[in-house]
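Have a look at structure-v2.csv below; it lists CSV, N, CA and C atoms.
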chain,number,residue,atom,x,y,z
R,1,MET,N,35.9,-1.5,-0.1
R,1,MET,CA,35.4,-0.8,-1.2
R,1,MET,C,34.0,-0.3,-0.9
R,2,GLY,N,33.9,0.8,-0.3
R,2,GLY,CA,32.6,1.4,-0.1
R,2,GLY,C,32.2,1.3,1.4
R,3,SER,N,31.1,1.8,1.7
R,3,SER,CA,30.7,2.0,3.1
R,3,SER,C,29.6,0.9,3.4
R,4,ASN,N,29.6,0.5,4.6
R,4,ASN,CA,28.5,-0.4,5.1
R,4,ASN,C,27.2,0.4,5.3
R,5,ARG,N,27.4,1.7,5.4
R,5,ARG,CA,26.2,2.5,5.7
R,5,ARG,C,25.6,3.0,4.4
R,6,ASP,N,24.3,3.2,4.4
R,6,ASP,CA,23.5,3.6,3.3
R,6,ASP,C,23.9,5.1,3.0
R,7,VAL,N,24.0,5.5,1.7
R,7,VAL,CA,24.3,6.9,1.4
R,7,VAL,C,23.2,7.8,1.9
R,8,MET,N,22.0,7.4,1.8
R,8,MET,CA,20.9,8.2,2.2
R,8,MET,C,21.0,8.5,3.7
R,9,GLU,N,21.4,7.5,4.5
R,9,GLU,CA,21.6,7.6,5.9
R,9,GLU,C,22.7,8.7,6.2
R,10,LEU,N,23.7,8.7,5.4
R,10,LEU,CA,24.8,9.7,5.6
R,10,LEU,C,24.3,11.1,5.4
R,11,PHE,N,23.4,11.3,4.3
R,11,PHE,CA,22.8,12.6,4.1
R,11,PHE,C,21.9,13.0,5.3
R,12,ALA,N,21.1,12.0,5.8
R,12,ALA,CA,20.2,12.3,6.9
R,12,ALA,C,21.0,12.7,8.1
R,13,GLU,N,22.1,12.0,8.4
R,13,GLU,CA,22.9,12.4,9.6
R,13,GLU,C,23.6,13.7,9.4
R,14,ARG,N,23.9,14.1,8.2
R,14,ARG,CA,24.5,15.4,7.9
R,14,ARG,C,23.4,16.5,8.3
R,15,ASP,N,22.2,16.3,7.9
R,15,ASP,CA,21.1,17.2,8.2
R,15,ASP,C,20.9,17.3,9.7
R,16,ILE,N,20.9,16.2,10.4
R,16,ILE,CA,20.7,16.2,11.8
R,16,ILE,C,21.8,17.0,12.5
R,17,ARG,N,23.1,16.8,12.0
R,17,ARG,CA,24.2,17.5,12.6
R,17,ARG,C,24.2,19.0,12.3
R,18,GLN,N,23.5,19.4,11.2
R,18,GLN,CA,23.4,20.8,11.0
R,18,GLN,C,22.4,21.4,11.9
R,19,SER,N,21.4,20.7,12.3
R,19,SER,CA,20.4,21.2,13.2
R,19,SER,C,20.9,21.1,14.7
R,20,PHE,N,21.7,20.1,15.0
R,20,PHE,CA,22.2,19.9,16.3
R,20,PHE,C,23.7,19.8,16.2
R,21,SER,N,24.3,21.0,16.3
R,21,SER,CA,25.7,21.1,16.0
R,21,SER,C,26.6,20.7,17.2
R,22,GLU,N,27.7,20.0,16.9
R,22,GLU,CA,28.7,19.6,17.9
R,22,GLU,C,29.2,20.9,18.6
R,23,ASN,N,29.3,22.0,17.9
R,23,ASN,CA,29.8,23.2,18.4
R,23,ASN,C,28.9,23.7,19.6
R,24,ASP,N,27.6,23.3,19.5
R,24,ASP,CA,26.7,23.7,20.6
R,24,ASP,C,26.6,22.6,21.7
R,25,GLY,N,27.5,21.6,21.6
R,25,GLY,CA,27.6,20.6,22.6
R,25,GLY,C,26.7,19.4,22.4
R,26,TRP,N,26.1,19.3,21.2
R,26,TRP,CA,25.2,18.1,20.9
R,26,TRP,C,26.0,16.9,20.5
R,27,LYS,N,25.6,15.7,21.0
R,27,LYS,CA,26.2,14.5,20.6
R,27,LYS,C,25.1,13.6,19.9
R,28,VAL,N,25.4,13.2,18.7
R,28,VAL,CA,24.4,12.5,17.9
R,28,VAL,C,24.9,11.0,17.8
R,29,ALA,N,23.9,10.1,18.1
R,29,ALA,CA,24.2,8.7,18.0
R,29,ALA,C,22.9,7.9,17.6
R,30,PRO,N,23.1,6.9,16.8
R,30,PRO,CA,21.9,6.0,16.4
R,30,PRO,C,21.4,5.4,17.7
R,31,VAL,N,20.1,5.2,17.7
R,31,VAL,CA,19.4,4.6,18.9
R,31,VAL,C,19.8,3.1,18.8
R,32,ALA,N,20.2,2.6,19.9
R,32,ALA,CA,20.6,1.2,20.0
R,32,ALA,C,19.5,0.2,19.7
R,33,GLY,N,19.7,-0.9,19.1
R,33,GLY,CA,18.7,-1.9,18.8
R,33,GLY,C,18.1,-1.6,17.4
R,34,ALA,N,17.8,-2.7,16.8
R,34,ALA,CA,17.2,-2.7,15.4
R,34,ALA,C,15.8,-2.2,15.5
R,35,ARG,N,15.4,-1.3,14.6
R,35,ARG,CA,14.1,-0.8,14.5
R,35,ARG,C,13.7,-1.0,13.0
R,36,PRO,N,12.7,-1.9,12.8
R,36,PRO,CA,12.4,-2.3,11.4
R,36,PRO,C,11.8,-1.2,10.6
R,37,ASN,N,11.2,-0.2,11.2
R,37,ASN,CA,10.4,0.8,10.5
R,37,ASN,C,11.1,2.2,10.3
R,38,GLY,N,12.4,2.2,10.4
R,38,GLY,CA,13.1,3.5,10.2
R,38,GLY,C,14.4,3.6,10.9
R,39,ARG,N,15.0,4.8,10.7
R,39,ARG,CA,16.2,5.1,11.4
R,39,ARG,C,15.9,6.1,12.5
R,40,PHE,N,16.5,5.9,13.7
R,40,PHE,CA,16.3,6.7,14.8
R,40,PHE,C,17.6,7.1,15.4
R,41,TYR,N,17.7,8.4,15.9
R,41,TYR,CA,18.9,8.9,16.5
R,41,TYR,C,18.5,9.6,17.8
R,42,GLN,N,19.5,9.5,18.8
R,42,GLN,CA,19.4,10.1,20.0
R,42,GLN,C,20.4,11.3,20.1
R,43,ILE,N,20.0,12.4,20.4
R,43,ILE,CA,20.8,13.6,20.4
R,43,ILE,C,20.8,14.1,21.9
R,44,THR,N,22.0,14.3,22.5
R,44,THR,CA,22.0,14.8,23.8
R,44,THR,C,23.1,15.9,24.0
R,45,ARG,N,22.9,16.7,25.0
R,45,ARG,CA,23.9,17.6,25.5
R,45,ARG,C,23.6,18.0,26.9
R,46,GLY,N,24.7,18.2,27.6
R,46,GLY,CA,24.5,18.5,29.0
R,46,GLY,C,24.6,20.1,29.2
R,47,ASN,N,23.8,20.5,30.2
R,47,ASN,CA,23.9,22.0,30.5
R,47,ASN,C,23.8,22.1,32.0
R,48,TRP,N,23.7,23.2,32.6
R,48,TRP,CA,23.8,23.4,34.0
R,48,TRP,C,22.6,22.9,34.8
R,49,VAL,N,21.5,22.6,34.1
R,49,VAL,CA,20.3,22.1,34.8
R,49,VAL,C,20.1,20.6,34.6
R,50,GLY,N,20.9,20.0,33.8
R,50,GLY,CA,20.8,18.6,33.4
R,50,GLY,C,21.0,18.3,32.0
R,51,ASP,N,20.6,17.2,31.5
R,51,ASP,CA,20.8,16.8,30.1
R,51,ASP,C,19.6,17.2,29.3
R,52,GLU,N,19.8,17.7,28.1
R,52,GLU,CA,18.8,17.9,27.1
R,52,GLU,C,18.8,16.6,26.2
R,53,ILE,N,17.7,16.1,25.9
R,53,ILE,CA,17.6,14.9,25.0
R,53,ILE,C,16.6,15.1,23.9
R,54,ALA,N,17.0,14.7,22.7
R,54,ALA,CA,16.1,14.8,21.6
R,54,ALA,C,16.2,13.4,20.8
R,55,PHE,N,15.1,13.0,20.3
R,55,PHE,CA,15.1,11.8,19.4
R,55,PHE,C,14.6,12.3,18.1
R,56,VAL,N,15.3,11.8,17.0
R,56,VAL,CA,15.0,12.1,15.7
R,56,VAL,C,14.7,10.8,14.9
R,57,ALA,N,13.5,10.8,14.3
R,57,ALA,CA,13.2,9.7,13.4
R,57,ALA,C,13.4,10.2,11.9
R,58,VAL,N,13.9,9.3,11.1
R,58,VAL,CA,14.1,9.7,9.7
R,58,VAL,C,13.2,8.9,8.8
R,59,SER,N,12.5,9.6,7.9
R,59,SER,CA,11.5,9.0,7.0
R,59,SER,C,11.8,9.5,5.6
R,60,PHE,N,11.9,8.6,4.7
R,60,PHE,CA,12.0,9.0,3.3
R,60,PHE,C,10.7,8.7,2.5
R,61,ASP,N,9.6,8.6,3.2
R,61,ASP,CA,8.3,8.4,2.6
R,61,ASP,C,7.6,9.7,2.3
R,62,SER,N,6.8,9.7,1.2
R,62,SER,CA,6.1,11.0,0.8
R,62,SER,C,5.1,11.3,1.9
R,63,VAL,N,4.5,10.3,2.5
R,63,VAL,CA,3.6,10.5,3.7
R,63,VAL,C,4.2,9.6,4.8
R,64,PRO,N,4.8,10.2,5.8
R,64,PRO,CA,5.4,9.4,6.9
R,64,PRO,C,4.3,8.4,7.5
R,65,LYS,N,4.7,7.2,7.8
R,65,LYS,CA,3.8,6.2,8.3
R,65,LYS,C,3.6,6.3,9.8
R,66,GLU,N,2.4,5.9,10.2
R,66,GLU,CA,2.1,6.0,11.6
R,66,GLU,C,3.0,5.1,12.5
R,67,GLU,N,3.5,4.0,12.0
R,67,GLU,CA,4.4,3.2,12.7
R,67,GLU,C,5.7,4.0,13.2
R,68,ILE,N,6.1,4.9,12.4
R,68,ILE,CA,7.3,5.7,12.8
R,68,ILE,C,7.0,6.6,14.0
R,69,PHE,N,5.8,7.1,14.0
R,69,PHE,CA,5.3,8.0,15.1
R,69,PHE,C,5.2,7.1,16.4
R,70,ASN,N,4.6,5.9,16.2
R,70,ASN,CA,4.5,5.0,17.4
R,70,ASN,C,5.8,4.6,18.0
R,71,THR,N,6.8,4.3,17.1
R,71,THR,CA,8.1,3.9,17.6
R,71,THR,C,8.8,5.1,18.2
R,72,LEU,N,8.7,6.3,17.7
R,72,LEU,CA,9.2,7.5,18.2
R,72,LEU,C,8.7,7.7,19.6
R,73,ASP,N,7.4,7.5,19.8
R,73,ASP,CA,6.7,7.7,21.1
R,73,ASP,C,7.1,6.7,22.1
R,74,THR,N,7.6,5.5,21.7
R,74,THR,CA,8.0,4.5,22.7
R,74,THR,C,9.4,4.6,23.2
R,75,LEU,N,10.2,5.5,22.5
R,75,LEU,CA,11.5,5.8,23.0
R,75,LEU,C,11.5,6.4,24.3
R,76,PRO,N,12.4,6.1,25.2
R,76,PRO,CA,12.4,6.7,26.6
R,76,PRO,C,12.4,8.2,26.7
R,77,ASN,N,11.6,8.7,27.6
R,77,ASN,CA,11.6,10.2,27.8
R,77,ASN,C,12.6,10.8,28.7
R,78,GLY,N,13.3,10.0,29.4
R,78,GLY,CA,14.3,10.5,30.3
R,78,GLY,C,13.8,11.5,31.3
R,79,HIS,N,13.9,12.8,30.9
R,79,HIS,CA,13.5,13.9,31.8
R,79,HIS,C,12.1,14.5,31.4
R,80,GLY,N,11.2,13.7,30.9
R,80,GLY,CA,9.9,14.1,30.6
R,80,GLY,C,9.7,15.2,29.6
R,81,SER,N,9.3,16.4,30.1
R,81,SER,CA,9.0,17.4,29.1
R,81,SER,C,10.2,18.0,28.4
R,82,ARG,N,11.4,17.7,29.0
R,82,ARG,CA,12.6,18.2,28.3
R,82,ARG,C,13.1,17.4,27.2
R,83,THR,N,12.5,16.2,27.0
R,83,THR,CA,12.8,15.3,25.9
R,83,THR,C,12.0,15.8,24.7
R,84,LYS,N,12.6,16.1,23.6
R,84,LYS,CA,11.9,16.5,22.4
R,84,LYS,C,12.0,15.4,21.3
R,85,LYS,N,11.0,15.4,20.5
R,85,LYS,CA,10.9,14.4,19.4
R,85,LYS,C,10.8,15.1,18.1
R,86,PHE,N,11.5,14.6,17.1
R,86,PHE,CA,11.6,15.3,15.8
R,86,PHE,C,11.4,14.2,14.7
R,87,LEU,N,10.9,14.7,13.5
R,87,LEU,CA,10.8,13.8,12.4
R,87,LEU,C,11.6,14.5,11.2
R,88,LEU,N,12.6,13.9,10.7
R,88,LEU,CA,13.3,14.4,9.5
R,88,LEU,C,12.7,13.8,8.3
R,89,THR,N,12.2,14.7,7.4
R,89,THR,CA,11.6,14.2,6.1
R,89,THR,C,12.1,15.0,5.0
R,90,PRO,N,12.0,14.5,3.7
R,90,PRO,CA,12.3,15.2,2.6
R,90,PRO,C,11.4,16.5,2.4
R,91,GLN,N,11.9,17.4,1.7
R,91,GLN,CA,11.1,18.6,1.4
R,91,GLN,C,9.9,18.2,0.6
R,92,ALA,N,8.8,18.9,0.8
R,92,ALA,CA,7.5,18.7,0.1
R,92,ALA,C,6.8,17.4,0.5
R,93,ALA,N,7.3,16.7,1.6
R,93,ALA,CA,6.6,15.5,2.0
R,93,ALA,C,5.3,16.0,2.7
R,94,ASP,N,4.3,15.1,2.7
R,94,ASP,CA,3.0,15.5,3.3
R,94,ASP,C,3.1,15.2,4.8
R,95,THR,N,3.2,16.2,5.6
R,95,THR,CA,3.4,16.0,7.1
R,95,THR,C,2.1,16.4,7.8
R,96,SER,N,1.0,16.4,7.2
R,96,SER,CA,-0.3,16.8,7.8
R,96,SER,C,-0.7,15.8,8.9
R,97,GLU,N,-0.3,14.6,8.8
R,97,GLU,CA,-0.7,13.6,9.8
R,97,GLU,C,0.3,13.4,11.0
R,98,VAL,N,1.3,14.2,11.0
R,98,VAL,CA,2.3,14.2,12.1
R,98,VAL,C,1.7,14.7,13.3
R,99,PRO,N,1.8,14.0,14.4
R,99,PRO,CA,1.2,14.5,15.7
R,99,PRO,C,1.8,15.8,16.1
R,100,PRO,N,1.1,16.7,16.8
R,100,PRO,CA,1.6,18.0,17.1
R,100,PRO,C,2.8,18.0,18.0
R,101,HIS,N,3.0,17.0,18.8
R,101,HIS,CA,4.2,17.0,19.8
R,101,HIS,C,5.5,16.6,19.1
R,102,ILE,N,5.4,16.2,17.8
R,102,ILE,CA,6.6,15.8,17.0
R,102,ILE,C,6.9,17.0,16.1
R,103,ARG,N,8.1,17.5,16.3
R,103,ARG,CA,8.5,18.7,15.4
R,103,ARG,C,9.1,18.2,14.1
R,104,ILE,N,8.9,18.9,13.1
R,104,ILE,CA,9.3,18.5,11.7
R,104,ILE,C,10.6,19.2,11.3
R,105,LEU,N,11.6,18.4,10.9
R,105,LEU,CA,12.8,19.0,10.3
R,105,LEU,C,12.8,18.6,8.8
R,106,ARG,N,13.2,19.5,7.9
R,106,ARG,CA,13.2,19.2,6.5
R,106,ARG,C,14.7,18.9,6.0
R,107,MET,N,14.8,17.9,5.2
R,107,MET,CA,16.1,17.5,4.6
R,107,MET,C,16.6,18.6,3.6
R,108,ASN,N,17.9,18.8,3.5
R,108,ASN,CA,18.4,19.7,2.5
R,108,ASN,C,18.8,18.9,1.2
R,109,ALA,N,19.0,17.6,1.3
R,109,ALA,CA,19.4,16.9,0.1
R,109,ALA,C,18.4,16.1,-0.6
R,110,PHE,N,17.2,16.0,-0.1
R,110,PHE,CA,16.1,15.2,-0.7
R,110,PHE,C,14.8,16.0,-0.7
R,111,ALA,N,14.0,15.8,-1.7
R,111,ALA,CA,12.6,16.4,-1.8
R,111,ALA,C,11.8,15.5,-2.7
R,112,PHE,N,10.5,15.8,-2.6
R,112,PHE,CA,9.5,15.1,-3.5
R,112,PHE,C,9.1,16.0,-4.6
R,113,ALA,N,9.2,15.5,-5.9
R,113,ALA,CA,8.8,16.3,-7.0
R,113,ALA,C,8.0,15.3,-7.9
R,114,GLU,N,6.8,15.7,-8.2
R,114,GLU,CA,5.9,14.9,-9.0
R,114,GLU,C,5.7,13.5,-8.5
R,115,GLY,N,5.7,13.4,-7.1
R,115,GLY,CA,5.5,12.1,-6.5
R,115,GLY,C,6.8,11.2,-6.3
R,116,ASN,N,7.9,11.7,-6.8
R,116,ASN,CA,9.1,11.0,-6.8
R,116,ASN,C,10.1,11.6,-5.8
R,117,LEU,N,10.9,10.8,-5.1
R,117,LEU,CA,11.9,11.2,-4.3
R,117,LEU,C,13.1,11.6,-5.2
R,118,VAL,N,13.6,12.9,-5.0
R,118,VAL,CA,14.7,13.3,-5.9
R,118,VAL,C,15.8,13.9,-5.0
R,119,TRP,N,17.0,13.7,-5.5
R,119,TRP,CA,18.2,14.2,-4.8
R,119,TRP,C,18.4,15.6,-5.3
R,120,LEU,N,18.6,16.5,-4.3
R,120,LEU,CA,18.8,17.9,-4.6
R,120,LEU,C,20.3,18.2,-4.7
R,121,THR,N,20.8,17.9,-5.9
R,121,THR,CA,22.2,18.0,-6.1
R,121,THR,C,22.6,19.4,-6.6
R,122,LYS,N,23.8,19.8,-6.4
R,122,LYS,CA,24.2,21.1,-6.9
R,122,LYS,C,25.2,21.0,-8.1
R,123,LYS,N,25.2,19.8,-8.7
R,123,LYS,CA,26.1,19.5,-9.8
R,123,LYS,C,25.7,20.4,-11.0
R,124,LYS,N,26.6,20.8,-11.8
R,124,LYS,CA,26.4,21.7,-12.9
R,124,LYS,C,25.4,21.2,-13.9
R,125,ASN,N,25.4,19.9,-14.3
R,125,ASN,CA,24.6,19.3,-15.3
R,125,ASN,C,23.3,18.7,-14.8
R,126,ALA,N,23.0,18.9,-13.6
R,126,ALA,CA,21.8,18.2,-13.0
R,126,ALA,C,20.6,18.8,-13.5
R,127,LYS,N,19.5,18.0,-13.6
R,127,LYS,CA,18.2,18.5,-14.0
R,127,LYS,C,17.7,19.4,-12.9
R,128,LYS,N,17.2,20.6,-13.2
R,128,LYS,CA,16.6,21.5,-12.3
R,128,LYS,C,15.1,21.2,-12.0
R,129,ILE,N,14.8,21.2,-10.8
R,129,ILE,CA,13.4,20.9,-10.4
R,129,ILE,C,13.0,22.1,-9.4
R,130,VAL,N,11.9,22.7,-9.8
R,130,VAL,CA,11.4,23.8,-9.0
R,130,VAL,C,10.3,23.2,-8.0
R,131,LEU,N,10.6,23.5,-6.7
R,131,LEU,CA,9.7,23.0,-5.7
R,131,LEU,C,8.9,24.1,-5.0
R,132,GLU,N,7.7,23.8,-4.6
R,132,GLU,CA,6.9,24.8,-3.9
R,132,GLU,C,7.5,24.8,-2.5
R,133,GLN,N,7.4,25.9,-1.8
R,133,GLN,CA,7.9,26.0,-0.4
R,133,GLN,C,7.0,25.1,0.4
R,134,ALA,N,7.7,24.3,1.3
R,134,ALA,CA,7.0,23.4,2.2
R,134,ALA,C,6.3,24.3,3.3
R,135,VAL,N,5.0,23.9,3.6
R,135,VAL,CA,4.2,24.6,4.5
R,135,VAL,C,4.5,24.0,5.9
R,136,ALA,N,4.9,24.8,6.8
R,136,ALA,CA,5.1,24.3,8.2
R,136,ALA,C,3.8,23.9,8.9
R,137,ALA,N,3.8,22.8,9.5
R,137,ALA,CA,2.6,22.3,10.1
R,137,ALA,C,2.6,22.7,11.6
Produce structure tokens that represent the structure in this file.
Amino acid sequence: MGSNRDVMELFAERDIRQSFSENDGWKVAPVAGARPNGRFYQITRGNWVGDEIAFVAVSFDSVPKEEIFNTLDTLPNGHGSRTKKFLLTPQAADTSEVPPHIRILRMNAFAFAEGNLVWLTKKKNAKKIVLEQAVAA
């Protein structure tokens, strides 16, 4: 009766799979080993010059914590400059402290409104919340 996985994790994985489509050859997998400060995914695909690797950290905090950046930086680089690092955050999260080498992805299902994490549902009777456009860092 129910899933062992967190519903928020399912929404995060859906957003990752939209950015890194299986149709484009990407394979998404959780990073092996327990990481106490967040969820991390490894995304890979092969091409004619080798493998492309990306790591995605997921944060549901209004201001992502420095520990998540440190953990993301300790993940193996594989092919050096071809390994990319991403942070998936809710819309309107404060990403001003994210290091420049970590690219920001915005969630489609969650945002911050008046300091609260809200689910952006499309249900007919849901409360409407108007958000300011997130500023790309």
**Complete:** Using all atoms listed in the file, the shortest atom-to-atom distance to Ile104 in chain R among R:Leu75, R:Leu87, R:Ala92, R:Met8 belongs to R:Leu87
Proximity of range 59-91 of chain R to range 108-114 of chain R: per-residue shortest pair, 7 Å limit, only C-alpha atoms, as CSV:
residue,atom,partner,partner_atom,distance
R:Ser62,CA,R:Phe112,CA,6.8
R:Pro90,CA,R:Ala111,CA,4.6
R:Gln91,CA,R:Ala111,CA,4.2
**Prompt:** range 2-131 of chain R: which residues are alpha helix (DSSP H) by DSSP, as a list in words?
**Reply:**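 So, restricting range 2-131 of chain R to alpha helix (DSSP H), we get Val7, Met8, Glu9, Leu10, Phe11, Ala12, Glu13, Arg14, Asp15, Ile16, Arg17, Gln18, Ser19, Glu66, Glu67, Ile68, Phe69, Asn70, Thr71, Leu72, Asp73 and Thr74 of chain R.
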**Request:** Give me, please, the distance in Å between atom C of Asp51 in chain R and CA of Thr89 in chain R, quoted to one decimal.
**Result:** 24.7 Å
**Prompt:** So which bits of range 6-88 of chain R end up strand (DSSP E or B) when you DSSP the backbone, as number ranges by chain?
**Reply:** R: 27-30, 39-47, 50-58, 83-88
